[in-house]
Structure formats: C-alpha cells, structure tokens
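Engineer: Submitted below is the structure of interest, expressed as structure tokens.
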Amino acid sequence: MAESAQRPLGVVTRGTTNPNRLRRVDNWIVETCGDALRAAADPLVVDLGYGATPVTAVELRARLAARVRSDARVVGLEIDPVRVAAAELAADPPWLTFTRGGFELAGLRPALVRAFNVLRQYDEGEVADAWRIMTARLAPGGLLVEGTCDELGRLGGWLLIDAAGPRSLTLAARLSTLESPAQLAERLPKALIHHNVPGERIHGLIQALDDAWRAAAGYAPFGPRQRWLHTVAALREAGWPLLDGPRRWRHGELTLPWPT
C-alpha cells in the first residue's frame with residue numbers, strides 16, 4: 001500500500017506482540033462498537049502500532065468480518081518501515097493492508113481506531129494531544145479505543161474516546177489467572193496509571209474492587225467467575241455507576257463512565 005505523504009507523527013514502539021494478546025479488547029469492540037461500524041458509510045478500521053508482527057491486525061480483521069461486517073477493512077499502521085514491509089506477507093487487499101503512519105492516521109478517515117500499547121511509552125502530558133490528533137482524523141461519529149494490556153493479554157484497561165473526549169473506562173482480566181483486582185492497576189491506560197494514588201478516584205475504584213473481591217472469597221470454591229460476578233455486583237451496589245451488566249462481567253470485564 002502506498003505510503004502517506006505526511007510525515008508519521010509519533011515514535012516507534014517496542015513492538016512487543018503475541019497471538020491473541022488483544023482478544024479481550026477485540027471482543028469488547030465487537031460488542032460495544034459493532035453497531036457504530038455497521039452504521040458506518042465506510043467500515044474502515046485502523047490498527048495503530050500493531051508491532052513487530054502483524055498478527056493482531058490479522059486477528060482484528062477476522063473478528064470484525066465474522067461478527068460485525070464482512071466488508072470491514074483493517075489498515076495496520078506502523079512508523080517503522082521495516083515492520084510495514086514485513087507485514088506485507090500477511091496482507092489481503094482490500095480487506096487487510098499495511099502502511100506507514102502514526103497519530104495522523106496516514107491521512108485516512110476511519111470509523112474506528114484501535115491504539116493499544118502505544119501511548120504507554122509516552123509522557124502523560126503527551127496523551128491528550130495524541131487523542132486530539134487521532135480523533136480529529138476520524139470519520140464523523142468515529143471512535144478511538146486506546147489502552148494497554150500485559151504481554152499475554154491477561155490484564156487490560158482501555159478508554160473509549162470520541163471527538164468530545166473520553167467516554168468510558170473498561171478494565172478486563174482473565175479470571176482464571178487473576179489473583180487480585182489490584183493487579184489491574186499495572187495495566188491502566190497512560191492517562192490514569194500515575195493517578196493510582198490515595199485521594200484519586202481511580203485509586204478509590206481499584207481499592208473498592210479489591211475490597212469487594214476479598215469480601216467475595218466465599219464464592220471462590222464455585223470458581224473465579226462466580227467470585228468476580230459477586231465482586232462487581234457489590235461494586236455497583238456500593239454506588240459505582242457501571243455501564244455494563246452480568247453479560248459482560250462474565251468475561252472478566254467492567255466498564256464505567258469516564259466522569260466517574
């Protein structure tokens with residue numbers, strides 16, 4: 001695919017990636033953003049900073065095609081031209097292509113951008129500008145999903161962002177390996193990770209979640225899913241305004257409005 005004439009904005013990431021690393025966020029995108037993609041005039045999705053191999057872009061295209069729109073197109077963007085060249089072996093034009101680009105989105109106007117494990121290496125003060133640049137280039141009604149996860153995708157946190165700013169925060173975990181919800185603090189999005197200190201709302205959320213998890217220890221013999229379901233239900237009963245319900249909680253998720 002032709003390289004954008006505009007100089008890519010950003011710096012090269014570490015490139016760490018693994019198969020199924022982004023499965024949790026992909027499934028959430030299908031569930032939460034699927035209607036927006038179905039309604040889009042052009043179901044174009046950008047996978048920004050896919051890494052040293054294109055596997056997560058390949059997986060994203062397959063999941064969207066199978067569960068949202070068969071004509072969904074995914075463009076993988078990387079600043080490193082070596083990574084772009086290597087990814088060409090996985091390309092399947094026009095449904096899956098790769099080109100050089102950064103926060104400027106290579107001049108594209110996508111309906112959705114997934115930017116995962118990209119802003120983690122930036123200073124917190126650079127985050128808002130990166131959001132602004134990306135959302136300004138979205139198609140009307142477009143969405144940005146920005147966040148981070150561990151190397152195997154067992155823990156993650158991401159934001160849903162539109163032209164007006166962040167809309168929600170989602171935390172997600174592989175329940176079979178979760179020892180404590182406090183582990184989720186390690187994978188908060190860059191905009192929040194340095195605010196996990198006493199007196200900040202995100203610290204209060206993690207603490208409340210961890211307290212509820214300990215209180216639900218009696219459900220542990222029934223499996224981690226039952227313990228998590230009771231944990232999150234207790235969080236909602238305590239007044240945290242969750243946007244989702246048991247259907248998503250069963251997947252180890254919870255989503256709250258950003259103003260919270």
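As shown in the structure tokens, the chain order sets the letters A, B, ...; within each chain, residues go from 1, and ligands are also counted from 1 in the order they appear.
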Name the residues of range 24-254 of chain A that come out as strand (DSSP E) in a backbone DSSP run; write them as a ChimeraX atom specification.
Structural biologist: /A:44-48,73-78,96-100,112-116,143-149,155-162,165-173,253-254
Engineer: Just the residues within 7 Å of range 62-69 of chain A, please, counting only C-alpha atoms, with nothing from its chain fewer than 3 positions along; format it as number ranges by chain.
Structural biologist: A: 30, 34, 38, 58-59, 72
Engineer: Mind checking which residues fall within 7 Å of range 6-15 of chain A, counting only C-alpha atoms, ignoring those fewer than 2 positions away in the same chain, and posting them as a PyMOL selection string?
Structural biologist: chain A and resi 4+17+51-52+79-80+101-104+106+118
Engineer: The selected residues should be written to file as a compact mmCIF listing (two decimals), in the first residue's frame (atoms: all heavy atoms).
Structural biologist:
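New file result06.txt:
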# COMPACT_ATOMS: atom_id res chain seq x y z
N SER A 4 1.90 7.22 3.12
CA SER A 4 1.32 8.55 3.23
C SER A 4 2.37 9.61 2.96
O SER A 4 3.53 9.48 3.32
CB SER A 4 0.74 8.74 4.64
OG SER A 4 0.42 10.09 4.87
N THR A 17 4.45 -8.09 20.72
CA THR A 17 3.12 -8.56 20.37
C THR A 17 3.07 -10.08 20.49
O THR A 17 4.10 -10.74 20.53
CB THR A 17 2.73 -8.12 18.94
OG1 THR A 17 1.36 -8.41 18.70
CG2 THR A 17 3.60 -8.81 17.90
N GLY A 51 2.90 -3.45 15.87
CA GLY A 51 4.08 -4.07 16.46
C GLY A 51 4.99 -4.79 15.48
O GLY A 51 4.92 -4.59 14.26
N ALA A 52 5.83 -5.65 16.02
CA ALA A 52 6.86 -6.30 15.22
C ALA A 52 6.30 -7.32 14.25
O ALA A 52 6.94 -7.65 13.25
CB ALA A 52 7.88 -6.97 16.15
N ILE A 79 5.09 3.15 12.26
CA ILE A 79 6.07 4.16 11.88
C ILE A 79 7.32 3.51 11.28
O ILE A 79 7.93 4.04 10.36
CB ILE A 79 6.44 5.03 13.10
CG1 ILE A 79 5.23 5.90 13.49
CG2 ILE A 79 7.65 5.90 12.81
CD1 ILE A 79 5.46 6.75 14.70
N ASP A 80 7.66 2.33 11.76
CA ASP A 80 8.86 1.63 11.31
C ASP A 80 8.62 1.00 9.94
O ASP A 80 7.83 0.06 9.81
CB ASP A 80 9.23 0.55 12.33
CG ASP A 80 10.52 -0.16 12.01
OD1 ASP A 80 11.08 0.07 10.91
OD2 ASP A 80 10.97 -0.97 12.84
N GLY A 101 2.51 4.98 9.11
CA GLY A 101 1.72 6.07 9.66
C GLY A 101 1.78 6.09 11.17
O GLY A 101 2.24 5.13 11.80
N GLY A 102 1.33 7.22 11.73
CA GLY A 102 1.31 7.38 13.17
C GLY A 102 0.00 8.01 13.60
O GLY A 102 -1.06 7.68 13.08
N PHE A 103 0.08 8.95 14.54
CA PHE A 103 -1.13 9.56 15.09
C PHE A 103 -1.95 10.30 14.03
O PHE A 103 -3.15 10.50 14.20
CB PHE A 103 -0.78 10.51 16.23
CG PHE A 103 -0.16 9.84 17.42
CD1 PHE A 103 0.96 10.39 18.04
CD2 PHE A 103 -0.68 8.66 17.93
CE1 PHE A 103 1.54 9.78 19.15
CE2 PHE A 103 -0.10 8.03 19.03
CZ PHE A 103 1.01 8.60 19.64
N GLU A 104 -1.31 10.69 12.95
CA GLU A 104 -2.04 11.39 11.88
C GLU A 104 -2.89 10.43 11.05
O GLU A 104 -3.65 10.84 10.17
CB GLU A 104 -1.05 12.16 11.00
CG GLU A 104 -0.38 11.35 9.92
CD GLU A 104 0.46 10.17 10.39
OE1 GLU A 104 0.97 10.23 11.53
OE2 GLU A 104 0.61 9.20 9.62
N ALA A 106 -2.16 8.42 8.72
CA ALA A 106 -1.77 8.30 7.31
C ALA A 106 -2.79 8.92 6.37
O ALA A 106 -2.95 8.48 5.23
CB ALA A 106 -1.54 6.82 6.95
N VAL A 118 0.46 1.69 22.78
CA VAL A 118 1.17 2.72 22.03
C VAL A 118 1.56 3.88 22.94
O VAL A 118 2.73 4.27 23.00
CB VAL A 118 0.31 3.23 20.85
CG1 VAL A 118 0.98 4.43 20.17
CG2 VAL A 118 0.06 2.12 19.84
Engineer: Skipping near chain neighbours, those fewer than 6 positions away, what residues fall within 8 Å of range 145-154 of chain A using only C-alpha atoms, listed as number ranges by chain?
Structural biologist: A: 16-18, 20-24, 112-120, 160-161, 172-174, 177, 187-190
Engineer: Compare A:Val232, A:Leu254, A:Ala191, A:Ala85 by their minimum atom-to-atom distance to Tyr122 in chain A, counting only C-alpha atoms, and give me the closest one.
Structural biologist: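 Among the listed residues, the smallest separation from Tyr122 in chain A belongs to A:Ala191.
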Engineer: Got a sec: who's within 12 Å of Pro181 in chain A, counting only C-alpha atoms, leaving out chain neighbours fewer than 5 positions off, as a ChimeraX atom specification?
Structural biologist: /A:154-157,171-175,186-188,203,205-214,224,227-228,231-232,252-254
Engineer: Run DSSP on the backbone and tell me which residues of range 103-206 of chain A come out as helix (DSSP H, G or I); list them as JSON, numbers by chain.
Structural biologist: {"A": [105, 106, 107, 119, 120, 121, 124, 125, 126, 127, 128, 129, 130, 131, 132, 133, 134, 135, 136, 175, 176, 177, 181, 182, 183, 184, 185, 186, 187, 190, 191, 192, 193, 201, 202, 203, 204, 205, 206]}
Engineer: Keeping only N, CA, C and O atoms, take the residues you just selected and write them out as a short mmCIF file (atom, residue, chain, number, x, y, z; two decimals), in the first residue's frame.
Structural biologist:
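Produced file out_28.cif, reproduced below:
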data_model
loop_
_atom_site.label_atom_id
_atom_site.label_comp_id
_atom_site.auth_asym_id
_atom_site.auth_seq_id
_atom_site.Cartn_x
_atom_site.Cartn_y
_atom_site.Cartn_z
N LEU A 105 -2.74 9.12 11.32
CA LEU A 105 -3.52 8.05 10.68
C LEU A 105 -3.32 7.98 9.17
O LEU A 105 -4.20 7.52 8.44
N ALA A 106 -2.16 8.42 8.72
CA ALA A 106 -1.77 8.30 7.31
C ALA A 106 -2.79 8.92 6.37
O ALA A 106 -2.95 8.48 5.23
N GLY A 107 -3.48 9.94 6.86
CA GLY A 107 -4.47 10.62 6.03
C GLY A 107 -5.78 9.89 5.88
O GLY A 107 -6.68 10.37 5.16
N LEU A 119 0.59 4.43 23.66
CA LEU A 119 0.86 5.61 24.49
C LEU A 119 1.56 5.26 25.80
O LEU A 119 2.00 6.17 26.51
N ARG A 120 1.68 4.01 26.11
CA ARG A 120 2.31 3.61 27.37
C ARG A 120 3.73 4.16 27.49
O ARG A 120 4.20 4.46 28.58
N GLN A 121 4.43 4.30 26.37
CA GLN A 121 5.83 4.74 26.42
C GLN A 121 5.97 6.26 26.38
O GLN A 121 7.08 6.78 26.46
N GLU A 124 2.78 11.35 30.28
CA GLU A 124 1.34 11.59 30.45
C GLU A 124 0.91 12.91 29.80
O GLU A 124 -0.19 13.01 29.24
N GLY A 125 1.77 13.91 29.83
CA GLY A 125 1.44 15.20 29.26
C GLY A 125 1.25 15.18 27.75
O GLY A 125 0.71 16.12 27.17
N GLU A 126 1.70 14.11 27.10
CA GLU A 126 1.56 13.99 25.65
C GLU A 126 0.28 13.26 25.24
O GLU A 126 -0.07 13.24 24.05
N VAL A 127 -0.41 12.68 26.20
CA VAL A 127 -1.56 11.83 25.88
C VAL A 127 -2.71 12.62 25.26
O VAL A 127 -3.27 12.23 24.23
N ALA A 128 -3.09 13.72 25.87
CA ALA A 128 -4.24 14.49 25.37
C ALA A 128 -4.02 14.96 23.94
O ALA A 128 -4.95 14.96 23.12
N ASP A 129 -2.79 15.37 23.62
CA ASP A 129 -2.51 15.81 22.25
C ASP A 129 -2.65 14.64 21.27
O ASP A 129 -3.16 14.80 20.15
N ALA A 130 -2.18 13.46 21.68
CA ALA A 130 -2.30 12.29 20.81
C ALA A 130 -3.77 11.96 20.57
O ALA A 130 -4.17 11.67 19.43
N TRP A 131 -4.58 12.00 21.63
CA TRP A 131 -6.03 11.78 21.46
C TRP A 131 -6.61 12.79 20.49
O TRP A 131 -7.40 12.44 19.60
N ARG A 132 -6.24 14.07 20.66
CA ARG A 132 -6.80 15.14 19.84
C ARG A 132 -6.46 14.95 18.38
O ARG A 132 -7.31 15.11 17.49
N ILE A 133 -5.20 14.58 18.10
CA ILE A 133 -4.77 14.39 16.72
C ILE A 133 -5.53 13.23 16.08
O ILE A 133 -6.03 13.33 14.95
N MET A 134 -5.65 12.12 16.81
CA MET A 134 -6.32 10.95 16.25
C MET A 134 -7.81 11.18 16.06
O MET A 134 -8.37 10.86 14.99
N THR A 135 -8.48 11.73 17.05
CA THR A 135 -9.94 11.90 16.94
C THR A 135 -10.30 12.94 15.88
O THR A 135 -11.36 12.86 15.27
N ALA A 136 -9.41 13.91 15.64
CA ALA A 136 -9.68 14.91 14.60
C ALA A 136 -9.68 14.30 13.21
O ALA A 136 -10.25 14.88 12.28
N LEU A 175 -9.94 -14.28 34.22
CA LEU A 175 -10.31 -14.60 35.60
C LEU A 175 -9.58 -15.83 36.14
O LEU A 175 -9.32 -15.91 37.34
N SER A 176 -9.26 -16.77 35.28
CA SER A 176 -8.61 -17.99 35.74
C SER A 176 -7.20 -17.75 36.27
O SER A 176 -6.65 -18.59 37.00
N THR A 177 -6.62 -16.60 35.93
CA THR A 177 -5.26 -16.30 36.40
C THR A 177 -5.23 -15.07 37.31
O THR A 177 -4.15 -14.65 37.73
N PRO A 181 -7.88 -8.09 41.98
CA PRO A 181 -8.14 -6.97 41.08
C PRO A 181 -7.10 -5.85 41.18
O PRO A 181 -6.99 -5.03 40.26
N ALA A 182 -6.34 -5.82 42.27
CA ALA A 182 -5.28 -4.82 42.39
C ALA A 182 -4.26 -4.94 41.25
O ALA A 182 -3.59 -3.97 40.91
N GLN A 183 -4.16 -6.13 40.65
CA GLN A 183 -3.24 -6.33 39.54
C GLN A 183 -3.62 -5.46 38.34
O GLN A 183 -2.76 -5.14 37.51
N LEU A 184 -4.90 -5.10 38.23
CA LEU A 184 -5.34 -4.29 37.11
C LEU A 184 -4.69 -2.92 37.09
O LEU A 184 -4.59 -2.28 36.04
N ALA A 185 -4.22 -2.46 38.25
CA ALA A 185 -3.57 -1.15 38.33
C ALA A 185 -2.32 -1.10 37.45
O ALA A 185 -1.93 -0.04 36.96
N GLU A 186 -1.68 -2.26 37.24
CA GLU A 186 -0.46 -2.31 36.44
C GLU A 186 -0.72 -2.00 34.97
O GLU A 186 0.20 -1.62 34.23
N ARG A 187 -1.97 -2.16 34.54
CA ARG A 187 -2.28 -2.01 33.11
C ARG A 187 -3.33 -0.94 32.85
O ARG A 187 -4.09 -1.01 31.88
N LYS A 190 -2.42 5.08 30.04
CA LYS A 190 -1.41 6.06 30.44
C LYS A 190 -2.02 7.27 31.14
O LYS A 190 -1.42 7.83 32.07
N ALA A 191 -3.21 7.66 30.72
CA ALA A 191 -3.85 8.84 31.31
C ALA A 191 -4.19 8.64 32.78
O ALA A 191 -4.41 9.61 33.51
N LEU A 192 -4.22 7.40 33.25
CA LEU A 192 -4.65 7.10 34.61
C LEU A 192 -3.59 6.46 35.49
O LEU A 192 -3.67 6.55 36.72
N ILE A 193 -2.62 5.80 34.88
CA ILE A 193 -1.74 4.94 35.67
C ILE A 193 -0.98 5.70 36.76
O ILE A 193 -0.76 5.18 37.85
N ARG A 201 -9.67 9.28 42.23
CA ARG A 201 -10.82 8.40 42.03
C ARG A 201 -10.42 7.03 41.48
O ARG A 201 -11.03 6.02 41.83
N ILE A 202 -9.42 6.97 40.62
CA ILE A 202 -9.04 5.67 40.08
C ILE A 202 -8.46 4.79 41.17
O ILE A 202 -8.68 3.57 41.19
N HIS A 203 -7.76 5.39 42.12
CA HIS A 203 -7.26 4.62 43.26
C HIS A 203 -8.42 4.11 44.09
O HIS A 203 -8.42 2.96 44.55
N GLY A 204 -9.43 4.96 44.26
CA GLY A 204 -10.61 4.53 45.01
C GLY A 204 -11.33 3.39 44.34
O GLY A 204 -11.84 2.47 45.01
N LEU A 205 -11.39 3.41 43.00
CA LEU A 205 -12.03 2.32 42.26
C LEU A 205 -11.28 1.01 42.45
O LEU A 205 -11.90 -0.02 42.76
N ILE A 206 -9.98 1.04 42.26
CA ILE A 206 -9.18 -0.19 42.40
C ILE A 206 -9.29 -0.72 43.83
O ILE A 206 -9.42 -1.93 44.05
#
Engineer: Between A:Leu243, A:Leu77, A:Ala238, A:Leu44, which residue has the minimum interatomic distance to Thr56 in chain A, considering only C-alpha atoms?
Structural biologist: A:Leu77
Engineer: Restricting the calculation to only C-alpha atoms, which member of A:Val75, A:Pro43, A:Asp123, A:Arg247 is positioned closest to Trp28 in chain A?
Structural biologist: A:Arg247
